[in-house]
>>> print(open('my_file.tsv').read())   # TSV, C-alpha atoms
chain	number	residue	atom	x	y	z
H	129	MET	CA	-91.26	26.18	-0.34
H	130	ALA	CA	-90.09	22.72	-1.00
H	131	GLY	CA	-88.87	23.75	-4.41
H	132	GLY	CA	-87.00	26.77	-2.97
H	133	VAL	CA	-85.21	24.63	-0.43
H	134	ASN	CA	-84.16	22.20	-3.09
H	135	ARG	CA	-82.72	25.02	-5.19
H	136	LYS	CA	-80.63	26.35	-2.23
H	137	ILE	CA	-79.25	22.93	-1.48
H	138	SER	CA	-78.33	22.46	-5.07
H	139	ALA	CA	-76.47	25.80	-5.13
H	140	ALA	CA	-74.47	24.93	-1.98
H	141	SER	CA	-73.66	21.53	-3.37
H	142	ALA	CA	-72.50	23.13	-6.57
H	143	ARG	CA	-70.14	25.47	-4.70
H	144	ALA	CA	-68.70	22.56	-2.64
H	145	HIS	CA	-68.26	20.50	-5.76
H	146	THR	CA	-66.39	23.40	-7.38
H	147	ARG	CA	-64.02	23.68	-4.38
H	148	ARG	CA	-63.36	19.95	-4.42
H	149	GLY	CA	-62.67	20.13	-8.12
H	150	LYS	CA	-60.09	22.87	-7.65
H	151	GLN	CA	-58.38	21.00	-4.80
H	152	SER	CA	-58.20	17.73	-6.68
H	153	SER	CA	-56.85	19.40	-9.79
H	154	SER	CA	-53.88	20.87	-7.79
H	155	LYS	CA	-52.61	17.43	-6.62
H	156	ILE	CA	-49.84	15.61	-8.56
H	157	PRO	CA	-50.70	11.97	-9.20
H	158	SER	CA	-48.71	9.60	-6.97
H	159	GLY	CA	-47.37	7.75	-9.99
H	160	ILE	CA	-45.68	10.89	-11.29
H	161	VAL	CA	-44.15	11.63	-7.86
H	162	THR	CA	-42.73	8.11	-7.68
H	163	ALA	CA	-41.28	8.45	-11.17
H	164	MET	CA	-39.71	11.83	-10.35
H	165	LEU	CA	-38.11	10.42	-7.17
H	166	ALA	CA	-36.78	7.44	-9.11
H	167	VAL	CA	-35.20	9.74	-11.71
H	168	LEU	CA	-33.67	11.88	-8.94
H	169	ILE	CA	-32.22	8.83	-7.16
H	170	VAL	CA	-30.80	7.45	-10.40
H	171	GLY	CA	-29.27	10.84	-11.22
H	172	ILE	CA	-27.66	11.20	-7.79
H	173	SER	CA	-26.42	7.61	-7.94
H	174	ALA	CA	-24.91	8.16	-11.38
H	175	LEU	CA	-23.19	11.32	-10.19
H	176	ALA	CA	-21.89	9.56	-7.06
H	177	TYR	CA	-20.64	6.66	-9.16
H	178	GLN	CA	-18.70	9.05	-11.39
H	179	VAL	CA	-17.18	10.74	-8.35
H	180	ILE	CA	-15.96	7.52	-6.70
H	181	GLN	CA	-14.74	5.90	-9.94
H	182	PRO	CA	-10.98	6.35	-10.44
H	183	PRO	CA	-9.73	7.40	-13.86
H	184	PRO	CA	-8.15	4.67	-15.99
H	185	PRO	CA	-4.39	4.30	-15.52
H	186	LYS	CA	-1.98	5.80	-18.03
H	187	THR	CA	-0.12	2.57	-18.70
H	188	CYS	CA	3.48	2.96	-19.83
H	189	GLY	CA	3.87	2.40	-23.55
H	190	SER	CA	0.19	3.11	-24.31
H	191	PRO	CA	-0.73	5.99	-26.69
H	192	ASP	CA	-1.54	8.38	-23.81
H	193	GLY	CA	0.87	6.89	-21.27
H	194	PRO	CA	4.49	7.59	-20.31
H	195	ALA	CA	7.32	6.24	-22.40
H	196	VAL	CA	9.07	3.00	-21.48
H	197	THR	CA	12.68	3.72	-20.52
H	198	ALA	CA	13.58	0.81	-18.22
H	199	PRO	CA	14.32	-2.83	-19.02
H	200	ARG	CA	11.17	-4.89	-18.43
H	201	ILE	CA	10.09	-8.51	-18.44
H	202	LYS	CA	6.71	-9.79	-19.60
H	203	LEU	CA	4.92	-11.85	-16.95
H	204	ARG	CA	2.72	-14.88	-17.58
H	205	ASP	CA	-0.45	-12.81	-17.27
H	206	GLY	CA	0.77	-10.33	-19.90
H	207	ARG	CA	1.82	-7.54	-17.52
H	208	HIS	CA	5.27	-5.95	-17.72
H	209	LEU	CA	7.60	-5.52	-14.75
H	210	ALA	CA	10.34	-2.86	-14.87
H	211	TYR	CA	13.61	-3.42	-13.04
H	212	LYS	CA	17.08	-1.99	-12.42
H	213	GLU	CA	20.35	-3.87	-11.78
H	214	HIS	CA	23.04	-2.84	-9.30
H	215	GLY	CA	26.35	-4.19	-8.00
H	216	VAL	CA	28.63	-6.71	-9.65
H	217	PRO	CA	27.60	-8.45	-12.89
H	218	LYS	CA	25.01	-11.15	-12.28
H	219	ASP	CA	27.20	-13.95	-13.59
H	220	ASN	CA	30.01	-13.00	-11.22
H	221	ALA	CA	27.83	-12.55	-8.14
H	222	LYS	CA	27.98	-14.73	-5.06
H	223	TYR	CA	24.88	-13.17	-3.51
H	224	LYS	CA	21.76	-12.10	-5.41
H	225	ILE	CA	19.23	-9.81	-3.75
H	226	PHE	CA	15.82	-8.50	-4.78
H	227	PHE	CA	14.98	-5.19	-3.12
H	228	VAL	CA	11.31	-4.19	-2.74
H	229	HIS	CA	10.61	-0.45	-2.50
H	230	GLY	CA	8.11	1.16	-0.16
H	231	PHE	CA	5.02	3.33	-0.51
H	232	ASP	CA	5.02	6.09	-3.13
H	233	SER	CA	8.40	4.95	-4.45
H	234	CYS	CA	9.95	3.13	-7.38
H	235	ARG	CA	12.93	1.03	-8.51
H	236	HIS	CA	15.28	4.01	-8.08
H	237	ASP	CA	14.46	4.28	-4.37
H	238	SER	CA	16.59	1.35	-3.32
H	239	ALA	CA	18.19	2.27	-0.02
H	240	VAL	CA	20.16	-0.95	0.09
H	241	ALA	CA	21.54	-0.65	-3.44
H	242	ASN	CA	22.04	3.11	-3.58
H	243	PHE	CA	23.91	3.44	-0.29
H	244	LEU	CA	25.81	0.15	-0.17
H	245	SER	CA	29.56	0.77	-0.07
H	246	PRO	CA	31.69	-0.33	-3.05
H	247	GLU	CA	33.82	-2.34	-0.61
H	248	VAL	CA	30.90	-4.50	0.50
H	249	ILE	CA	29.68	-4.90	-3.08
H	250	GLU	CA	33.07	-6.11	-4.29
H	251	ASP	CA	34.19	-8.07	-1.23
H	252	LEU	CA	30.96	-10.06	-0.98
H	253	GLY	CA	30.14	-10.14	-4.69
H	254	VAL	CA	26.66	-8.59	-4.38
H	255	TYR	CA	24.18	-8.28	-7.25
H	256	ILE	CA	20.95	-6.40	-6.49
H	257	VAL	CA	17.77	-6.05	-8.50
H	258	SER	CA	15.29	-3.34	-7.59
H	259	TYR	CA	12.01	-3.23	-9.46
H	260	ASP	CA	8.80	-1.24	-9.76
H	261	ARG	CA	5.97	-2.96	-7.95
H	262	ALA	CA	2.75	-3.33	-9.97
H	263	GLY	CA	1.29	0.07	-10.85
H	264	TYR	CA	4.38	2.01	-9.81
H	265	GLY	CA	6.98	3.55	-12.10
H	266	GLU	CA	7.02	1.61	-15.36
H	267	SER	CA	5.45	-1.66	-14.20
H	268	ASP	CA	1.95	-2.33	-15.48
H	269	PRO	CA	-0.93	-2.03	-12.99
H	270	ASN	CA	-2.46	-5.21	-11.60
H	271	PRO	CA	-6.13	-4.68	-10.71
H	272	ASN	CA	-6.14	-8.20	-9.23
H	273	ARG	CA	-3.12	-7.57	-7.06
H	274	THR	CA	-2.75	-9.42	-3.75
H	275	VAL	CA	0.05	-10.16	-1.31
H	276	LYS	CA	0.43	-13.51	-3.08
H	277	SER	CA	0.66	-11.99	-6.56
H	278	ASP	CA	3.37	-9.60	-5.31
H	279	ALA	CA	5.44	-12.57	-4.13
H	280	LEU	CA	4.92	-14.46	-7.37
H	281	ASP	CA	6.01	-11.39	-9.35
H	282	ILE	CA	9.36	-11.57	-7.55
H	283	GLU	CA	9.69	-15.26	-8.28
H	284	GLU	CA	8.93	-14.81	-11.96
H	285	LEU	CA	11.35	-11.87	-12.22
H	286	ALA	CA	14.05	-14.03	-10.64
H	287	ASP	CA	13.36	-16.87	-13.08
H	288	GLN	CA	13.39	-14.67	-16.17
H	289	LEU	CA	16.63	-13.01	-15.07
H	290	GLY	CA	18.15	-16.42	-14.43
H	291	VAL	CA	19.50	-15.78	-10.94
H	292	GLY	CA	19.24	-19.41	-9.90
H	293	SER	CA	17.09	-21.45	-7.57
H	294	LYS	CA	17.78	-19.37	-4.44
H	295	PHE	CA	17.93	-15.64	-3.81
H	296	TYR	CA	17.61	-13.06	-1.03
H	297	VAL	CA	14.74	-10.58	-0.59
H	298	ILE	CA	14.76	-7.31	1.35
H	299	GLY	CA	11.71	-5.05	1.62
H	300	TYR	CA	11.24	-1.58	3.08
H	301	SER	CA	8.07	-0.15	4.65
H	302	MET	CA	5.09	-1.14	2.43
H	303	GLY	CA	7.59	-3.26	0.54
H	304	GLY	CA	7.50	-5.53	3.56
H	305	HIS	CA	4.16	-7.01	2.46
H	306	PRO	CA	5.70	-8.83	-0.53
H	307	ILE	CA	8.39	-10.18	1.81
H	308	TRP	CA	5.74	-11.70	4.09
H	309	GLY	CA	4.21	-13.08	0.89
H	310	CYS	CA	7.54	-14.65	-0.10
H	311	LEU	CA	7.88	-16.26	3.34
H	312	LYS	CA	4.40	-17.73	2.91
H	313	TYR	CA	4.25	-18.72	-0.76
H	314	ILE	CA	7.84	-19.24	-2.00
H	315	PRO	CA	9.97	-20.05	1.08
H	316	HIS	CA	11.73	-22.78	-0.91
H	317	ARG	CA	13.21	-20.11	-3.19
H	318	LEU	CA	14.68	-17.97	-0.41
H	319	ALA	CA	18.26	-17.92	0.82
H	320	GLY	CA	17.42	-15.21	3.36
H	321	ALA	CA	15.14	-12.23	3.98
H	322	GLY	CA	15.21	-8.78	5.50
H	323	LEU	CA	12.33	-6.56	6.66
H	324	LEU	CA	13.12	-2.86	7.12
H	325	ALA	CA	10.51	-0.91	9.11
H	326	PRO	CA	7.81	-3.08	7.53
H	327	ALA	CA	4.31	-1.62	7.49
H	328	VAL	CA	1.91	-3.71	9.52
H	329	ASN	CA	-1.73	-4.50	8.87
H	330	TYR	CA	-3.69	-3.65	12.03
H	331	TRP	CA	-6.26	-6.32	11.16
H	332	TRP	CA	-3.98	-9.37	11.21
H	333	PRO	CA	-6.01	-11.87	13.27
H	334	GLY	CA	-3.08	-12.83	15.48
H	335	PHE	CA	-2.74	-9.40	17.10
H	336	PRO	CA	-4.42	-8.96	20.49
H	337	ALA	CA	-7.27	-6.50	20.01
H	338	ASN	CA	-5.99	-4.09	22.66
H	339	LEU	CA	-2.51	-3.99	21.09
H	340	SER	CA	-3.64	-3.36	17.52
H	341	LYS	CA	-6.07	-0.71	18.81
H	342	GLU	CA	-3.31	1.05	20.75
H	343	ALA	CA	-1.03	1.04	17.69
H	344	TYR	CA	-3.82	2.13	15.36
H	345	TYR	CA	-4.58	5.23	17.42
H	346	GLN	CA	-0.94	6.30	17.38
H	347	GLN	CA	-1.51	7.40	13.79
H	348	LEU	CA	-2.69	10.89	12.88
H	349	PRO	CA	-6.51	11.00	12.70
H	350	GLN	CA	-6.57	11.37	8.90
H	351	ASP	CA	-4.33	8.32	8.52
H	352	GLN	CA	-6.59	6.35	10.84
H	353	TRP	CA	-9.47	7.14	8.50
H	354	ALA	CA	-7.44	6.45	5.35
H	355	VAL	CA	-6.49	2.92	6.39
H	356	ARG	CA	-9.96	2.29	7.84
H	357	VAL	CA	-11.53	3.14	4.48
H	358	ALA	CA	-8.98	0.97	2.65
H	359	HIS	CA	-9.84	-1.97	4.90
H	360	TYR	CA	-13.62	-1.75	5.27
H	361	ILE	CA	-14.80	0.04	2.12
H	362	PRO	CA	-11.94	-0.24	-0.40
H	363	TRP	CA	-14.14	0.90	-3.28
H	364	LEU	CA	-14.17	4.35	-1.66
H	365	THR	CA	-10.37	4.57	-1.35
H	366	TYR	CA	-9.93	6.71	-4.47
H	367	TRP	CA	-12.69	9.13	-3.48
H	368	TRP	CA	-11.50	9.41	0.12
H	369	ASN	CA	-7.98	10.36	-0.92
H	370	THR	CA	-9.07	12.88	-3.57
H	371	GLN	CA	-12.09	14.58	-1.95
H	372	LYS	CA	-11.74	18.03	-0.37
H	373	TRP	CA	-14.18	17.77	2.55
H	374	PHE	CA	-12.00	15.80	4.99
H	375	PRO	CA	-8.21	15.61	5.40
H	376	PRO	CA	-6.81	12.74	3.27
H	377	SER	CA	-3.82	10.56	4.13
H	378	ALA	CA	-0.98	12.58	5.65
H	379	VAL	CA	1.47	10.05	4.18
H	380	ILE	CA	0.21	10.68	0.64
H	381	ALA	CA	0.30	14.43	1.29
H	382	HIS	CA	3.94	14.15	2.48
H	383	ARG	CA	3.28	16.03	5.69
H	384	MET	CA	6.56	16.46	7.52
H	385	ASP	CA	5.02	16.06	10.97
H	386	ILE	CA	4.66	12.33	10.37
H	387	PHE	CA	8.45	12.01	10.56
H	388	SER	CA	10.76	11.88	13.56
H	389	ARG	CA	13.64	14.29	14.11
H	390	ARG	CA	16.12	11.75	12.73
H	391	ASP	CA	13.91	11.21	9.68
H	392	VAL	CA	13.91	14.93	8.92
H	393	GLU	CA	17.70	14.98	9.12
H	394	VAL	CA	17.93	12.11	6.63
H	395	LEU	CA	15.42	13.69	4.25
H	396	SER	CA	17.27	17.02	4.31
H	397	LYS	CA	20.24	15.31	2.66
H	398	TRP	CA	18.26	13.94	-0.28
H	399	SER	CA	19.27	15.24	-3.68
H	400	PRO	CA	16.78	16.91	-6.07
H	401	GLU	CA	17.07	13.81	-8.27
H	402	GLU	CA	15.77	11.60	-5.47
H	403	ASN	CA	12.79	13.91	-4.99
H	404	ASN	CA	12.08	13.74	-8.72
H	405	TYR	CA	11.46	10.00	-8.40
H	406	LEU	CA	8.18	10.79	-6.64
H	407	ALA	CA	6.64	11.91	-9.92
H	408	LEU	CA	7.96	8.79	-11.64
H	409	ALA	CA	6.42	6.56	-8.99
H	410	ARG	CA	2.93	8.04	-9.58
H	411	GLN	CA	3.15	8.61	-13.33
H	412	GLN	CA	0.57	5.95	-14.25
H	413	GLY	CA	-1.95	7.32	-11.79
H	414	GLU	CA	-2.35	7.31	-8.02
H	415	TYR	CA	-5.13	4.75	-7.94
H	416	GLU	CA	-3.19	1.75	-9.22
H	417	SER	CA	-0.08	2.73	-7.26
H	418	LEU	CA	-0.79	4.44	-3.94
H	419	HIS	CA	-4.44	3.52	-3.46
H	420	ARG	CA	-4.02	-0.07	-4.62
H	421	ASP	CA	-1.09	-0.37	-2.21
H	422	MET	CA	-3.33	0.70	0.66
H	423	MET	CA	-6.15	-1.64	-0.33
H	424	VAL	CA	-3.78	-4.62	-0.56
H	425	GLY	CA	-1.65	-3.78	2.45
H	426	PHE	CA	-4.51	-2.94	4.82
H	427	GLY	CA	-7.14	-5.22	3.31
H	428	THR	CA	-8.01	-8.74	4.39
H	429	TRP	CA	-5.03	-11.00	3.76
H	430	GLU	CA	-5.18	-14.60	2.60
H	431	PHE	CA	-3.05	-15.63	5.60
H	432	ASP	CA	-1.86	-14.36	8.96
H	433	PRO	CA	1.92	-13.74	9.04
H	434	LEU	CA	1.88	-14.47	12.76
H	435	ASP	CA	1.16	-18.12	11.88
H	436	LEU	CA	4.21	-18.53	9.62
H	437	LYS	CA	6.73	-21.29	10.26
H	438	ASN	CA	10.50	-20.86	10.21
H	439	PRO	CA	11.55	-21.17	6.54
H	440	PHE	CA	15.08	-22.11	7.65
H	441	PRO	CA	14.68	-24.82	10.30
H	442	ASN	CA	18.24	-26.03	9.74
H	443	ASN	CA	19.78	-22.54	9.89
H	444	GLU	CA	20.51	-22.61	6.16
H	445	GLY	CA	19.35	-19.01	6.03
H	446	SER	CA	17.89	-16.32	8.28
H	447	VAL	CA	15.18	-13.68	8.48
H	448	HIS	CA	15.94	-10.27	9.97
H	449	LEU	CA	13.72	-7.35	10.98
H	450	TRP	CA	14.95	-3.84	11.73
H	451	HIS	CA	12.83	-1.11	13.30
H	452	GLY	CA	13.40	2.29	14.88
H	453	ASP	CA	11.92	2.88	18.31
H	454	GLU	CA	10.92	6.42	17.27
H	455	ASP	CA	9.16	5.41	14.06
H	456	ARG	CA	6.04	7.59	13.83
H	457	LEU	CA	4.59	5.82	10.79
H	458	VAL	CA	4.70	2.21	11.96
H	459	PRO	CA	4.39	1.73	15.75
H	460	VAL	CA	7.27	-0.27	17.18
H	461	ILE	CA	4.99	-2.08	19.64
H	462	LEU	CA	3.62	-4.19	16.78
H	463	GLN	CA	7.08	-5.31	15.67
H	464	ARG	CA	7.94	-6.31	19.22
H	465	TYR	CA	4.87	-8.52	19.32
H	466	ILE	CA	5.64	-10.04	15.91
H	467	VAL	CA	9.13	-11.16	16.91
H	468	GLN	CA	7.76	-12.47	20.20
H	469	ARG	CA	5.35	-14.68	18.24
H	470	LEU	CA	7.99	-15.55	15.63
H	471	PRO	CA	11.19	-16.01	17.64
H	472	TRP	CA	13.08	-17.30	14.61
H	473	ILE	CA	13.20	-13.72	13.29
H	474	HIS	CA	16.42	-11.89	14.22
H	475	TYR	CA	15.21	-8.56	15.61
H	476	HIS	CA	17.26	-5.35	15.53
H	477	GLU	CA	15.62	-2.42	17.32
H	478	LEU	CA	17.39	0.86	16.65
H	479	SER	CA	17.41	3.37	19.49
H	480	GLY	CA	16.44	6.88	18.42
H	481	ALA	CA	15.81	5.87	14.81
H	482	GLY	CA	12.67	6.72	12.85
H	483	HIS	CA	11.17	5.32	9.66
H	484	MET	CA	13.92	6.50	7.29
H	485	PHE	CA	16.84	4.73	8.96
H	486	PRO	CA	17.72	2.55	5.90
H	487	PHE	CA	18.88	5.76	4.19
H	488	ALA	CA	21.19	6.74	7.07
H	489	ASP	CA	24.95	6.52	6.68
H	490	GLY	CA	26.33	3.01	7.08
H	491	MET	CA	22.97	1.25	7.53
H	492	SER	CA	22.98	-0.43	4.12
H	493	ASP	CA	26.28	-2.13	4.86
H	494	THR	CA	25.02	-3.31	8.25
H	495	ILE	CA	21.77	-4.64	6.80
H	496	VAL	CA	23.31	-6.46	3.84
H	497	LYS	CA	26.08	-8.10	5.86
H	498	ALA	CA	23.58	-9.32	8.47
H	499	VAL	CA	21.19	-10.80	5.90
H	500	LEU	CA	23.92	-12.39	3.77
H	501	THR	CA	26.46	-13.55	6.34
H	502	GLY	CA	24.81	-13.24	9.75
H	503	ASP	CA	27.16	-10.43	10.87
H	504	LYS	CA	25.62	-8.18	13.50
>>> encode(input="my_file.tsv", output="structure tokens")
Amino acid sequence: MAGGVNRKISAASARAHTRRGKQSSSKIPSGIVTAMLAVLIVGISALAYQVIQPPPPKTCGSPDGPAVTAPRIKLRDGRHLAYKEHGVPKDNAKYKIFFVHGFDSCRHDSAVANFLSPEVIEDLGVYIVSYDRAGYGESDPNPNRTVKSDALDIEELADQLGVGSKFYVIGYSMGGHPIWGCLKYIPHRLAGAGLLAPAVNYWWPGFPANLSKEAYYQQLPQDQWAVRVAHYIPWLTYWWNTQKWFPPSAVIAHRMDIFSRRDVEVLSKWSPEENNYLALARQQGEYESLHRDMMVGFGTWEFDPLDLKNPFPNNEGSVHLWHGDEDRLVPVILQRYIVQRLPWIHYHELSGAGHMFPFADGMSDTIVKAVLTGDK
């Protein structure tokens, strides 16, 4: 009996042992699972990195880049800056102006130069230089671009062209950022300055939080997200503006509903040649032109423009700012606060005007005469 019992127990034990063996053989060792997860994470990360990485720019003059057709200077850091001259010959000029183009534009999009009347040019002796900002048109990209570097580009262009110790600067829209940079970093070189519907960084420290928030939410939702990404996570700016899951910047997409009625009227008069300049502006790639512009303009600045001092304390020059009260791209409430904080700026608010007012009939003459001679 004892032996029979022992044999039964042994058989049951054998069956249990067999089941345990089968179960244990079906499990994957934890080390292999960890390795597989690590490979998966690395693969997803590599794919994500490729998606968010912008393509290299097609630099003008490089083997796979556009041809160089404009006159250019070579800057101290080795970059080239393309420019275009307008008005009377430089040596005969009484007034010398550098015009800074806006977003998604180039040296050809100079409202002041292109629409200035021959009478004003000749009577005042006006010489104007428009140029491609870094990464636009035929100017080399600057991956280290800042508001300060934009201002110093203007100064170096002025020196290489030999315009003298003093000159005027006028900037439109996103071209206003270099003007603020000039007022901060090279005020001693300025004879006067003009800001035309200048884009404003919602994160300037001097803005009251409620005011900047109110202005920020006046943008279309996709533009709110576009500038938010450019400010907080700039390394995602390329991906955000090229992905297909969410609406990208309405400004980059050229949606017409971002413009006022007056803006649409102005744009309807543009020639096909002016529309062709859009391709020229982006020809080296959107990342180092449009996206870099957003990262610099809406990023964290090295200074707060609302803390600037009057560059002309003895009235030897003047700073002017024009803005339309129906501008749907840059809220007018921010400009009103800026000139309240900086009362030395001569403010011109245009009733019924939108963002494109510098291209309206007669505005170039008004702007240039005010900046150069103080005429209103």
>>> residues_near_point(input="my_file.tsv", point="(18.9, -17.5, -3.7)", cutoff="10 Å", atoms="only C-alpha atoms", output="PDB file with C-alpha atoms, in the coordinates of the input")
ATOM      1  CA  LYS H 222      27.980 -14.730  -5.060  1.00  0.00           C
ATOM      2  CA  TYR H 223      24.880 -13.170  -3.510  1.00  0.00           C
ATOM      3  CA  LYS H 224      21.760 -12.100  -5.410  1.00  0.00           C
ATOM      4  CA  ILE H 225      19.230  -9.810  -3.750  1.00  0.00           C
ATOM      5  CA  PHE H 226      15.820  -8.500  -4.780  1.00  0.00           C
ATOM      6  CA  ALA H 286      14.050 -14.030 -10.640  1.00  0.00           C
ATOM      7  CA  VAL H 291      19.500 -15.780 -10.940  1.00  0.00           C
ATOM      8  CA  GLY H 292      19.240 -19.410  -9.900  1.00  0.00           C
ATOM      9  CA  SER H 293      17.090 -21.450  -7.570  1.00  0.00           C
ATOM     10  CA  LYS H 294      17.780 -19.370  -4.440  1.00  0.00           C
ATOM     11  CA  PHE H 295      17.930 -15.640  -3.810  1.00  0.00           C
ATOM     12  CA  TYR H 296      17.610 -13.060  -1.030  1.00  0.00           C
ATOM     13  CA  VAL H 297      14.740 -10.580  -0.590  1.00  0.00           C
ATOM     14  CA  HIS H 316      11.730 -22.780  -0.910  1.00  0.00           C
ATOM     15  CA  ARG H 317      13.210 -20.110  -3.190  1.00  0.00           C
ATOM     16  CA  LEU H 318      14.680 -17.970  -0.410  1.00  0.00           C
ATOM     17  CA  ALA H 319      18.260 -17.920   0.820  1.00  0.00           C
ATOM     18  CA  GLY H 320      17.420 -15.210   3.360  1.00  0.00           C
ATOM     19  CA  GLY H 445      19.350 -19.010   6.030  1.00  0.00           C
TER      20      GLY H 445
END
>>> residues_around(input="my_file.tsv", residues="Glu213 (chain H)", least_positions_apart="4", cutoff="8 Å", atoms="only C-alpha atoms", output="list in words")
Tyr255, Ile256, Val257 and Ser258 of chain H
>>> residues_around(input="my_file.tsv", residues="Glu430 (chain H)", least_positions_apart="3", cutoff="12 Å", atoms="all atoms listed in the file", output="PyMOL selection string")
chain H and resi 274-277+308-309+312-313+331-333+424-427+433+435
>>> write_last_selection(input="my_file.tsv", atoms="C-alpha atoms", output="PDB file, in the frame of the given file")
ATOM      1  CA  THR H 274      -2.750  -9.420  -3.750  1.00  0.00           C
ATOM      2  CA  VAL H 275       0.050 -10.160  -1.310  1.00  0.00           C
ATOM      3  CA  LYS H 276       0.430 -13.510  -3.080  1.00  0.00           C
ATOM      4  CA  SER H 277       0.660 -11.990  -6.560  1.00  0.00           C
ATOM      5  CA  TRP H 308       5.740 -11.700   4.090  1.00  0.00           C
ATOM      6  CA  GLY H 309       4.210 -13.080   0.890  1.00  0.00           C
ATOM      7  CA  LYS H 312       4.400 -17.730   2.910  1.00  0.00           C
ATOM      8  CA  TYR H 313       4.250 -18.720  -0.760  1.00  0.00           C
ATOM      9  CA  TRP H 331      -6.260  -6.320  11.160  1.00  0.00           C
ATOM     10  CA  TRP H 332      -3.980  -9.370  11.210  1.00  0.00           C
ATOM     11  CA  PRO H 333      -6.010 -11.870  13.270  1.00  0.00           C
ATOM     12  CA  VAL H 424      -3.780  -4.620  -0.560  1.00  0.00           C
ATOM     13  CA  GLY H 425      -1.650  -3.780   2.450  1.00  0.00           C
ATOM     14  CA  PHE H 426      -4.510  -2.940   4.820  1.00  0.00           C
ATOM     15  CA  GLY H 427      -7.140  -5.220   3.310  1.00  0.00           C
ATOM     16  CA  PRO H 433       1.920 -13.740   9.040  1.00  0.00           C
ATOM     17  CA  ASP H 435       1.160 -18.120  11.880  1.00  0.00           C
TER      18      ASP H 435
END
>>> closest_residue(input="my_file.tsv", among="H:Asn220, H:Thr187, H:Gln181, H:Gln463", to="His448 (chain H)", atoms="only C-alpha atoms")
H:Gln463
>>> atom_distance(input="my_file.tsv", atom1="CA of Cys188 (chain H)", atom2="CA of Asp260 (chain H)")
12.1 Å
>>> closest_residue(input="my_file.tsv", among="H:Leu348, H:Glu414, H:Cys310, H:Arg383", to="Leu280 (chain H)", atoms="all atoms listed in the file")
H:Cys310
>>> atom_distance(input="my_file.tsv", atom1="CA of Asp421 (chain H)", atom2="CA of Tyr264 (chain H)")
9.7 Å
>>> closest_residue(input="my_file.tsv", among="H:Ile298, H:Val467, H:Ile461, H:Ala407", to="Leu500 (chain H)", atoms="only C-alpha atoms")
H:Ile298
>>> closest_residue(input="my_file.tsv", among="H:Trp353, H:Thr501, H:Trp450, H:Pro315", to="Lys437 (chain H)", atoms="all atoms listed in the file")
H:Pro315
>>> atom_distance(input="my_file.tsv", atom1="CA of Asn270 (chain H)", atom2="CA of Gly299 (chain H)")
19.4 Å
>>> closest_residue(input="my_file.tsv", among="H:His419, H:Lys372, H:Arg261, H:His476", to="Val357 (chain H)", atoms="all atoms listed in the file")
H:His419
>>> axis_aligned_box(input="my_file.tsv", around="region 410-418 of chain H", padding_each_side="3 Å", output="JSON")
{"center_x": -1.0, "center_y": 5.2, "center_z": -9.1, "size_x": 14.3, "size_y": 12.9, "size_z": 16.3}
>>> closest_residue(input="my_file.tsv", among="H:Trp367, H:Phe231, H:Tyr415, H:Tyr344", to="Gly303 (chain H)", atoms="all atoms listed in the file")
H:Phe231
>>> decode(input="my_file.tsv", residues="region 371-381 of chain H", atoms="N, CA and C atoms", output="PDB file, in the first residue's frame")
ATOM      1  N   GLN H 371       3.199  69.898 -41.219  1.00  0.00           N
ATOM      2  CA  GLN H 371       2.370  68.720 -40.949  1.00  0.00           C
ATOM      3  C   GLN H 371       0.956  68.933 -41.496  1.00  0.00           C
ATOM      4  N   LYS H 372       0.222  67.815 -41.636  1.00  0.00           N
ATOM      5  CA  LYS H 372      -1.107  67.856 -42.249  1.00  0.00           C
ATOM      6  C   LYS H 372      -2.238  67.570 -41.248  1.00  0.00           C
ATOM      7  N   TRP H 373      -1.915  67.384 -39.979  1.00  0.00           N
ATOM      8  CA  TRP H 373      -2.928  67.020 -38.998  1.00  0.00           C
ATOM      9  C   TRP H 373      -3.703  68.228 -38.484  1.00  0.00           C
ATOM     10  N   PHE H 374      -3.013  69.359 -38.311  1.00  0.00           N
ATOM     11  CA  PHE H 374      -3.641  70.562 -37.773  1.00  0.00           C
ATOM     12  C   PHE H 374      -3.419  71.714 -38.754  1.00  0.00           C
ATOM     13  N   PRO H 375      -4.305  72.701 -38.757  1.00  0.00           N
ATOM     14  CA  PRO H 375      -4.131  73.836 -39.669  1.00  0.00           C
ATOM     15  C   PRO H 375      -2.849  74.613 -39.328  1.00  0.00           C
ATOM     16  N   PRO H 376      -1.974  74.848 -40.310  1.00  0.00           N
ATOM     17  CA  PRO H 376      -0.764  75.634 -40.052  1.00  0.00           C
ATOM     18  C   PRO H 376      -1.080  77.131 -40.098  1.00  0.00           C
ATOM     19  N   SER H 377      -0.055  77.939 -40.071  1.00  0.00           N
ATOM     20  CA  SER H 377      -0.221  79.395 -40.074  1.00  0.00           C
ATOM     21  C   SER H 377      -1.052  79.860 -41.266  1.00  0.00           C
ATOM     22  N   ALA H 378      -2.084  80.645 -40.983  1.00  0.00           N
ATOM     23  CA  ALA H 378      -2.914  81.214 -42.049  1.00  0.00           C
ATOM     24  C   ALA H 378      -2.144  82.271 -42.833  1.00  0.00           C
ATOM     25  N   VAL H 379      -1.170  82.896 -42.183  1.00  0.00           N
ATOM     26  CA  VAL H 379      -0.356  83.909 -42.872  1.00  0.00           C
ATOM     27  C   VAL H 379       0.518  83.229 -43.919  1.00  0.00           C
ATOM     28  N   ILE H 380       1.162  82.112 -43.545  1.00  0.00           N
ATOM     29  CA  ILE H 380       1.988  81.388 -44.503  1.00  0.00           C
ATOM     30  C   ILE H 380       1.139  80.837 -45.644  1.00  0.00           C
ATOM     31  N   ALA H 381      -0.083  80.412 -45.326  1.00  0.00           N
ATOM     32  CA  ALA H 381      -0.976  79.850 -46.340  1.00  0.00           C
ATOM     33  C   ALA H 381      -1.624  80.913 -47.217  1.00  0.00           C
TER      34      ALA H 381
END
